[in-house]
>>> print(open('upload.cif').read())   # mmCIF, C-alpha atoms
data_run
loop_
_atom_site.label_atom_id
_atom_site.label_comp_id
_atom_site.auth_asym_id
_atom_site.auth_seq_id
_atom_site.Cartn_x
_atom_site.Cartn_y
_atom_site.Cartn_z
CA MET A 1 -98.18 56.53 10.73
CA ASN A 2 -98.20 52.85 11.57
CA PRO A 3 -95.33 51.58 13.75
CA PRO A 4 -92.73 49.54 11.87
CA GLU A 5 -93.40 45.83 11.59
CA ARG A 6 -91.15 43.87 13.92
CA ARG A 7 -89.59 40.51 13.33
CA VAL A 8 -88.48 38.34 16.23
CA PHE A 9 -85.76 35.86 17.06
CA ARG A 10 -85.25 33.89 20.26
CA VAL A 11 -81.90 34.01 22.11
CA THR A 12 -79.98 30.73 21.93
CA PRO A 13 -77.56 29.32 24.57
CA ASP A 14 -74.64 30.62 22.51
CA GLN A 15 -76.06 34.14 22.50
CA SER A 16 -76.86 34.08 26.21
CA ASP A 17 -74.89 36.47 28.45
CA ARG A 18 -73.78 38.51 25.43
CA ARG A 19 -74.57 42.19 24.91
CA LEU A 20 -77.63 43.00 22.83
CA ASP A 21 -75.75 45.32 20.44
CA ARG A 22 -73.04 42.73 19.77
CA VAL A 23 -75.54 39.96 19.10
CA LEU A 24 -77.38 42.18 16.62
CA ARG A 25 -74.16 43.20 14.88
CA GLY A 26 -73.20 39.54 14.50
CA LEU A 27 -76.56 38.49 13.13
CA PHE A 28 -77.24 41.37 10.75
CA ARG A 29 -73.99 41.87 8.86
CA ASN A 30 -75.78 43.61 5.99
CA VAL A 31 -77.36 46.27 8.25
CA PRO A 32 -75.19 49.35 8.90
CA LEU A 33 -74.01 49.67 12.50
CA ALA A 34 -75.46 53.19 12.70
CA ALA A 35 -78.91 51.83 11.80
CA ILE A 36 -78.66 49.14 14.47
CA MET A 37 -77.66 51.61 17.19
CA LYS A 38 -80.36 54.10 16.16
CA SER A 39 -83.03 51.39 16.38
CA ILE A 40 -81.83 50.43 19.86
CA ARG A 41 -81.92 54.05 21.04
CA ASN A 42 -85.40 54.83 19.67
CA GLY A 43 -86.92 51.63 21.02
CA SER A 44 -87.51 49.91 17.68
CA VAL A 45 -85.47 47.01 19.07
CA ARG A 46 -87.24 45.43 22.03
CA VAL A 47 -86.40 42.56 24.38
CA ASN A 48 -89.39 40.62 25.70
CA GLY A 49 -91.58 43.49 24.57
CA ALA A 50 -89.66 46.24 26.37
CA LYS A 51 -87.12 48.83 25.26
CA ALA A 52 -83.57 47.73 26.11
CA ASP A 53 -80.15 49.33 26.29
CA GLY A 54 -77.48 48.10 23.86
CA GLY A 55 -75.36 46.89 26.75
CA ARG A 56 -78.06 44.63 28.14
CA ARG A 57 -76.92 41.05 28.70
CA LEU A 58 -79.31 38.66 27.01
CA CYS A 59 -80.62 35.44 28.54
CA GLU A 60 -81.45 32.18 26.81
CA GLY A 61 -85.05 32.27 25.62
CA ASP A 62 -85.36 36.08 25.47
CA GLU A 63 -87.40 37.31 22.51
CA VAL A 64 -85.69 40.09 20.57
CA ALA A 65 -87.81 42.12 18.13
CA PHE A 66 -86.12 44.09 15.34
CA PRO A 67 -87.53 46.37 12.61
CA TRP A 68 -85.27 45.68 9.63
CA VAL A 69 -86.30 44.04 6.42
CA ALA A 70 -83.19 41.89 6.42
CA GLU A 71 -82.32 38.25 6.46
CA ILE A 72 -80.24 36.70 9.19
CA ARG A 73 -77.31 35.49 7.18
CA GLU A 74 -73.58 35.02 7.33
CA ASP A 75 -71.10 37.07 5.34
CA THR A 76 -69.94 34.39 2.92
CA ALA A 77 -66.70 36.27 2.36
CA CYS A 78 -65.68 35.26 5.87
CA PHE A 79 -65.77 31.60 4.91
CA GLY A 80 -62.96 31.75 2.40
CA THR A 81 -64.81 31.58 -0.91
CA GLU A 82 -62.15 33.30 -3.01
CA ARG A 83 -61.69 31.45 -6.28
CA GLY A 84 -58.43 29.71 -6.95
CA THR A 85 -57.34 29.64 -3.30
CA ARG A 86 -56.21 26.29 -1.98
CA ARG A 87 -58.07 25.08 1.11
CA ASP A 88 -56.25 22.12 2.65
CA ALA A 89 -58.13 20.13 5.26
CA LEU A 90 -57.05 20.77 8.85
CA VAL A 91 -55.49 17.91 10.80
CA THR A 92 -57.46 17.10 13.96
CA LEU A 93 -55.48 16.54 17.16
CA PHE A 94 -58.50 16.40 19.51
CA ARG A 95 -62.21 17.00 19.19
CA ASN A 96 -65.35 16.76 21.28
CA ASP A 97 -68.65 18.67 21.22
CA CYS A 98 -67.04 21.78 22.74
CA LEU A 99 -63.43 21.92 21.59
CA TRP A 100 -61.49 21.26 18.40
CA CYS A 101 -57.68 21.26 18.49
CA VAL A 102 -56.09 21.37 15.04
CA GLU A 103 -52.63 21.49 13.52
CA LYS A 104 -51.61 24.89 12.13
CA PRO A 105 -48.90 24.68 9.46
CA ALA A 106 -46.17 27.32 9.35
CA GLY A 107 -46.97 30.07 6.84
CA LEU A 108 -50.74 30.03 7.35
CA LEU A 109 -52.42 33.03 8.96
CA ALA A 110 -54.55 32.26 12.00
CA GLN A 111 -57.16 34.82 10.87
CA PRO A 112 -57.70 36.33 7.41
CA ASP A 113 -56.02 39.63 6.62
CA ARG A 114 -58.58 40.49 3.91
CA ALA A 115 -62.06 39.51 2.78
CA ALA A 116 -62.14 35.89 1.55
CA GLY A 117 -58.47 35.49 2.46
CA ASP A 118 -57.09 32.09 3.43
CA SER A 119 -56.55 31.40 7.12
CA LEU A 120 -56.86 28.67 9.70
CA ILE A 121 -60.20 29.88 11.05
CA THR A 122 -61.80 30.24 7.60
CA ARG A 123 -60.64 26.72 6.75
CA ALA A 124 -62.18 25.56 10.03
CA TRP A 125 -65.55 27.16 9.22
CA SER A 126 -65.49 25.61 5.77
CA GLN A 127 -64.48 22.16 7.02
CA LEU A 128 -67.18 22.24 9.68
CA ARG A 129 -69.74 23.38 7.06
CA TRP A 130 -70.90 25.83 9.69
CA GLU A 131 -74.40 27.17 9.00
CA ARG A 132 -75.60 28.41 12.40
CA HIS A 133 -76.10 32.15 12.73
CA ASP A 134 -76.04 32.60 16.51
CA PHE A 135 -72.35 31.68 16.94
CA ARG A 136 -69.23 31.00 14.90
CA PRO A 137 -66.31 28.88 16.19
CA ALA A 138 -63.44 31.02 17.44
CA MET A 139 -59.81 30.45 18.38
CA ILE A 140 -58.38 30.62 21.89
CA GLY A 141 -55.18 32.56 21.37
CA ARG A 142 -53.52 33.00 17.97
CA LEU A 143 -50.21 31.74 16.63
CA ASP A 144 -48.04 33.95 14.43
CA ARG A 145 -48.11 33.20 10.69
CA ASN A 146 -44.71 31.45 10.71
CA VAL A 147 -45.31 29.42 13.87
CA SER A 148 -46.65 25.87 13.55
CA GLY A 149 -48.50 23.73 16.08
CA ILE A 150 -51.70 23.50 18.08
CA GLU A 151 -54.57 25.94 17.70
CA ALA A 152 -57.62 25.46 19.95
CA ILE A 153 -61.05 26.32 18.55
CA ALA A 154 -64.14 26.69 20.76
CA LEU A 155 -67.28 25.22 19.20
CA CYS A 156 -69.81 26.96 21.43
CA ALA A 157 -70.01 30.31 23.21
CA PRO A 158 -70.01 29.10 26.86
CA VAL A 159 -66.80 27.16 26.26
CA LEU A 160 -65.27 30.10 24.40
CA ARG A 161 -65.89 32.29 27.45
CA ALA A 162 -64.59 29.60 29.83
CA LEU A 163 -61.45 29.02 27.81
CA SER A 164 -60.75 32.74 27.42
CA GLU A 165 -60.98 33.18 31.18
CA SER A 166 -58.85 30.06 31.75
CA MET A 167 -56.20 31.43 29.42
CA ARG A 168 -56.11 34.70 31.38
CA SER A 169 -55.95 32.89 34.74
CA GLY A 170 -53.24 30.44 33.70
CA LYS A 171 -55.32 27.26 33.65
CA ILE A 172 -54.13 26.48 30.13
CA LYS A 173 -50.47 25.47 30.00
CA LYS A 174 -48.71 26.29 26.71
CA ILE A 175 -45.53 24.39 25.80
CA TYR A 176 -43.46 25.09 22.68
CA ARG A 177 -40.38 23.61 21.02
CA ALA A 178 -37.81 26.14 19.82
CA LEU A 179 -34.51 25.67 18.00
CA VAL A 180 -32.25 28.57 19.01
CA TRP A 181 -28.79 29.78 18.15
CA GLY A 182 -25.98 29.04 20.59
CA ALA A 183 -25.52 26.98 23.76
CA ALA A 184 -28.51 27.84 25.94
CA PRO A 185 -28.43 27.31 29.73
CA LEU A 186 -29.84 24.03 31.04
CA SER A 187 -32.89 25.90 32.27
CA GLY A 188 -34.00 29.42 33.00
CA GLU A 189 -36.75 31.92 33.55
CA ILE A 190 -37.16 35.18 31.63
CA SER A 191 -39.25 37.79 33.37
CA VAL A 192 -38.84 40.90 31.24
CA PRO A 193 -41.75 43.29 30.56
CA LEU A 194 -42.56 43.64 26.87
CA MET A 195 -44.09 46.43 24.82
CA LYS A 196 -45.40 46.15 21.25
CA ASP A 197 -44.97 48.81 18.59
CA GLU A 198 -48.20 48.29 16.64
CA ARG A 199 -47.03 50.33 13.66
CA GLU A 200 -43.84 48.30 13.22
CA ASN A 201 -45.35 45.03 14.54
CA PHE A 202 -42.31 44.66 16.77
CA VAL A 203 -42.02 43.77 20.46
CA ARG A 204 -39.18 44.96 22.66
CA PRO A 205 -38.25 44.84 26.34
CA ALA A 206 -39.55 47.91 28.16
CA SER A 207 -39.90 49.00 31.76
CA ARG A 208 -43.30 49.31 33.39
CA GLU A 209 -42.83 53.08 33.31
CA GLU A 210 -42.40 52.93 29.54
CA GLY A 211 -45.59 50.93 29.17
CA GLY A 212 -44.14 47.42 29.24
CA GLN A 213 -46.49 44.58 30.21
CA SER A 214 -45.39 41.80 32.54
CA ALA A 215 -44.28 38.66 30.67
CA LEU A 216 -42.89 35.37 31.97
CA THR A 217 -41.22 32.60 29.96
CA ARG A 218 -39.68 29.42 31.38
CA PHE A 219 -37.42 27.10 29.41
CA ARG A 220 -35.27 24.02 29.72
CA ARG A 221 -32.69 22.71 27.30
CA LEU A 222 -33.51 19.38 25.68
CA SER A 223 -30.31 19.07 23.61
CA SER A 224 -27.42 21.11 22.23
CA ASP A 225 -24.26 20.92 20.13
CA GLY A 226 -22.89 24.30 21.18
CA LYS A 227 -23.97 26.02 17.97
CA TYR A 228 -27.68 25.24 18.36
CA SER A 229 -29.96 24.30 21.26
CA LEU A 230 -33.39 22.70 21.26
CA LEU A 231 -35.54 24.15 24.04
CA GLU A 232 -38.82 23.32 25.70
CA VAL A 233 -40.48 26.69 26.28
CA GLU A 234 -43.42 27.43 28.54
CA LEU A 235 -45.24 30.70 27.98
CA VAL A 236 -46.70 31.48 31.40
CA THR A 237 -48.15 34.72 30.01
CA GLY A 238 -49.33 35.21 26.43
CA ARG A 239 -47.88 38.44 25.09
CA PRO A 240 -47.49 38.94 21.33
CA HIS A 241 -44.18 37.53 20.01
CA GLN A 242 -43.29 36.63 23.62
CA ALA A 243 -41.10 33.57 22.98
CA ARG A 244 -39.31 35.29 20.11
CA ALA A 245 -38.62 38.55 21.96
CA HIS A 246 -37.69 36.90 25.26
CA LEU A 247 -35.26 34.37 23.78
CA ALA A 248 -33.65 37.09 21.67
CA SER A 249 -33.28 39.22 24.82
CA ILE A 250 -30.94 36.60 26.38
CA GLY A 251 -28.90 36.27 23.18
CA ARG A 252 -30.56 33.04 22.00
CA PRO A 253 -32.82 34.04 19.09
CA ILE A 254 -34.89 31.38 17.36
CA VAL A 255 -33.41 29.92 14.19
CA GLY A 256 -35.14 31.38 11.13
CA ASP A 257 -36.38 34.49 12.98
CA VAL A 258 -35.48 37.45 10.79
CA LYS A 259 -37.36 39.98 12.92
CA TYR A 260 -35.69 39.16 16.24
CA GLY A 261 -32.70 37.10 15.13
CA TYR A 262 -30.16 37.20 12.34
CA GLU A 263 -30.61 38.42 8.78
CA ASP A 264 -29.46 35.10 7.31
CA GLY A 265 -32.51 33.54 8.94
CA ARG A 266 -34.32 34.01 5.62
CA ARG A 267 -32.33 31.07 4.24
CA GLU A 268 -33.85 28.76 6.84
CA GLY A 269 -37.24 28.78 5.11
CA ARG A 270 -39.30 29.02 8.28
CA LEU A 271 -39.27 30.04 11.93
CA PHE A 272 -38.33 27.04 14.07
CA LEU A 273 -40.91 27.57 16.78
CA HIS A 274 -43.66 24.98 17.27
CA ALA A 275 -46.65 25.00 19.66
CA TYR A 276 -46.09 21.50 21.00
CA SER A 277 -48.74 20.97 23.68
CA LEU A 278 -51.73 22.49 25.46
CA THR A 279 -52.83 21.33 28.90
CA PHE A 280 -56.37 22.21 29.97
CA GLN A 281 -56.65 22.05 33.76
CA GLY A 282 -60.02 21.61 35.48
CA ILE A 283 -62.15 23.29 32.81
CA PRO A 284 -65.81 22.11 32.74
CA GLY A 285 -66.77 20.51 29.44
CA ILE A 286 -63.14 20.20 28.34
CA SER A 287 -61.31 17.86 30.69
CA GLU A 288 -64.14 15.30 30.36
CA GLY A 289 -64.10 14.21 33.99
CA ARG A 290 -60.31 14.18 34.19
CA GLU A 291 -58.23 16.58 36.23
CA GLU A 292 -56.55 17.74 33.04
CA LEU A 293 -56.56 17.18 29.30
CA VAL A 294 -53.23 17.22 27.43
CA VAL A 295 -53.18 17.66 23.65
CA GLU A 296 -49.87 17.30 21.81
CA SER A 297 -48.71 18.12 18.30
CA PRO A 298 -45.74 16.23 16.82
CA LEU A 299 -42.97 18.26 15.24
CA PRO A 300 -43.63 18.85 11.53
CA GLU A 301 -41.42 17.11 9.01
CA GLU A 302 -39.34 20.17 8.12
CA PHE A 303 -38.63 20.83 11.82
CA SER A 304 -37.54 17.22 12.46
CA ALA A 305 -35.43 17.26 9.30
CA ARG A 306 -33.65 20.43 10.48
CA LEU A 307 -32.85 18.75 13.80
CA SER A 308 -31.47 15.72 11.97
CA ARG A 309 -29.11 17.92 9.96
CA VAL A 310 -27.89 19.64 13.14
CA LYS A 311 -27.31 16.31 14.92
CA ILE A 312 -27.51 17.90 18.35
CA LYS A 313 -27.13 15.61 21.35
CA LYS A 314 -29.69 15.14 24.10
CA ASP A 315 -28.78 16.47 27.54
#
>>> encode(input="upload.cif", output="structure tokens")
Amino acid sequence: MNPPERRVFRVTPDQSDRRLDRVLRGLFRNVPLAAIMKSIRNGSVRVNGAKADGGRRLCEGDEVAFPWVAEIREDTACFGTERGTRRDALVTLFRNDCLWCVEKPAGLLAQPDRAAGDSLITRAWSQLRWERHDFRPAMIGRLDRNVSGIEAIALCAPVLRALSESMRSGKIKKIYRALVWGAAPLSGEISVPLMKDERENFVRPASREEGGQSALTRFRRLSSDGKYSLLEVELVTGRPHQARAHLASIGRPIVGDVKYGYEDGRREGRLFLHAYSLTFQGIPGISEGREELVVESPLPEEFSARLSRVKIKKD
């Protein structure tokens, strides 16, 4: 029996330093995962002519041979092609060759919850008219559906890896604006471990022994009328629902937050939490020769209008 014919692709810079199995899964979306893994194990997939383990880290220029009669193509469902779905253009706050910071409106999912579903990232792929197969732009962090503000999108794999590491190491400073109930202190720090119930999609304070993860939030009051306070909130860590759970834990839930606040929050129309600024500190390819790059997002109209109705005074 003749050996299977092999087809070859060359590893690009965006595929470099990624695992062989993950690169293949990303390229060949119409090939079952079991078939990919079997071909790796039996040596039908070869790197530079030699059998390779699925966990092998690829290098730019490596030649990868594969046996499938399959085209390298994207799953078009991921690009938001569902008929009748509105696709508004994303507002650009900053863009260079590596990074795109856009405005996420409240109510829009960051990632789709179903095939061809609307989301910020599918709108980004569509707006970019992305056709490359070796990499797709990806977000750094993810805002909740009802949170507005800045989302950062990496446009190449090396920057995605650098930004992900910078996020973990605290080199990206995240500042929010939050309208909360009550007279908040002038400033404060909330260091309460948090634990997420995945089934209920709810985060609560929990001790380390219970499985709580360390979480740190700093805030300062910008203005207040006694009934409401406008806060500047810094998320030092990035736990799910962190700002919402932490502010609720000190008795100052965010206005419009039904999950962590008051039931009448549904009448507010939205959650009054806005990702106001991102500061990128000393990240190659991002700061563009500067010590830091600061990207800001103005408060959306409905947020500013709510503040005008409250008429709270600046501190």
>>> resolve_selection(input="upload.cif", expression="the PyMOL selection byres ((chain A and resi 132) around 12)", output="MDAnalysis selection string")
chainID A and resid 12 14:15 26:27 72:74 125 128:131 133:137 155:156
>>> atom_distance(input="upload.cif", atom1="CA of Ala154 (chain A)", atom2="CA of Leu293 (chain A)")
14.9 Å
>>> resolve_selection(input="upload.cif", expression="the PyMOL selection byres ((chain A and resi 96-98) around 8)", output="NGL selection string")
:A and (94-95 or 99-100 or 154-156 or 159 or 285-286)
>>> closest_residue(input="upload.cif", among="A:Leu120, A:Leu186, A:Ala157, A:Val294", to="Val23 (chain A)", atoms="all atoms listed in the file")
A:Ala157
>>> atom_distance(input="upload.cif", atom1="CA of Arg161 (chain A)", atom2="CA of Leu90 (chain A)")
23.6 Å
>>> residues_around(input="upload.cif", residues="Gly238 (chain A)", least_positions_apart="5", cutoff="10 Å", atoms="only C-alpha atoms", output="tab-separated table (two decimals) with C-alpha atoms, in the coordinates of the input")
chain	number	residue	atom	x	y	z
A	141	GLY	CA	-55.18	32.56	21.37
A	142	ARG	CA	-53.52	33.00	17.97
A	167	MET	CA	-56.20	31.43	29.42
A	168	ARG	CA	-56.11	34.70	31.38
A	170	GLY	CA	-53.24	30.44	33.70
A	174	LYS	CA	-48.71	26.29	26.71
A	214	SER	CA	-45.39	41.80	32.54
A	215	ALA	CA	-44.28	38.66	30.67
A	216	LEU	CA	-42.89	35.37	31.97
A	217	THR	CA	-41.22	32.60	29.96
A	243	ALA	CA	-41.10	33.57	22.98
>>> atom_distance(input="upload.cif", atom1="CA of Ala183 (chain A)", atom2="CA of Gly226 (chain A)")
4.6 Å
>>> closest_residue(input="upload.cif", among="A:Ala106, A:Ile153, A:Ala245, A:Val233", to="Leu194 (chain A)", atoms="only C-alpha atoms")
A:Ala245
>>> decode(input="upload.cif", residues="region 171-184 of chain A", atoms="N, CA and C atoms", output="short mmCIF file (atom, residue, chain, number, x, y, z; two decimals), in the first residue's frame")
data_model
loop_
_atom_site.label_atom_id
_atom_site.label_comp_id
_atom_site.auth_asym_id
_atom_site.auth_seq_id
_atom_site.Cartn_x
_atom_site.Cartn_y
_atom_site.Cartn_z
N LYS A 171 1.00 44.71 34.25
CA LYS A 171 1.56 45.80 33.45
C LYS A 171 0.50 46.53 32.64
N ILE A 172 -0.74 46.07 32.73
CA ILE A 172 -1.85 46.76 32.09
C ILE A 172 -2.79 47.25 33.20
N LYS A 173 -2.91 48.57 33.30
CA LYS A 173 -3.72 49.18 34.36
C LYS A 173 -5.14 49.39 33.84
N LYS A 174 -6.13 48.90 34.58
CA LYS A 174 -7.53 48.94 34.14
C LYS A 174 -8.34 49.85 35.07
N ILE A 175 -8.85 50.94 34.52
CA ILE A 175 -9.63 51.91 35.28
C ILE A 175 -11.07 51.94 34.77
N TYR A 176 -12.02 51.89 35.69
CA TYR A 176 -13.44 51.91 35.36
C TYR A 176 -14.10 53.13 36.01
N ARG A 177 -15.28 53.48 35.51
CA ARG A 177 -16.18 54.41 36.16
C ARG A 177 -17.40 53.62 36.59
N ALA A 178 -17.82 53.82 37.83
CA ALA A 178 -18.98 53.09 38.36
C ALA A 178 -19.87 54.05 39.15
N LEU A 179 -21.16 54.02 38.84
CA LEU A 179 -22.15 54.75 39.62
C LEU A 179 -22.74 53.77 40.62
N VAL A 180 -22.59 54.05 41.92
CA VAL A 180 -23.03 53.12 42.95
C VAL A 180 -24.07 53.77 43.83
N TRP A 181 -24.79 52.91 44.55
CA TRP A 181 -25.79 53.38 45.50
C TRP A 181 -25.10 53.84 46.79
N GLY A 182 -25.57 54.95 47.35
CA GLY A 182 -25.12 55.38 48.66
C GLY A 182 -23.90 56.28 48.63
N ALA A 183 -23.52 56.77 49.82
CA ALA A 183 -22.37 57.65 49.98
C ALA A 183 -21.14 56.79 50.22
N ALA A 184 -20.34 56.61 49.18
CA ALA A 184 -19.13 55.79 49.29
C ALA A 184 -18.03 56.57 50.01
#
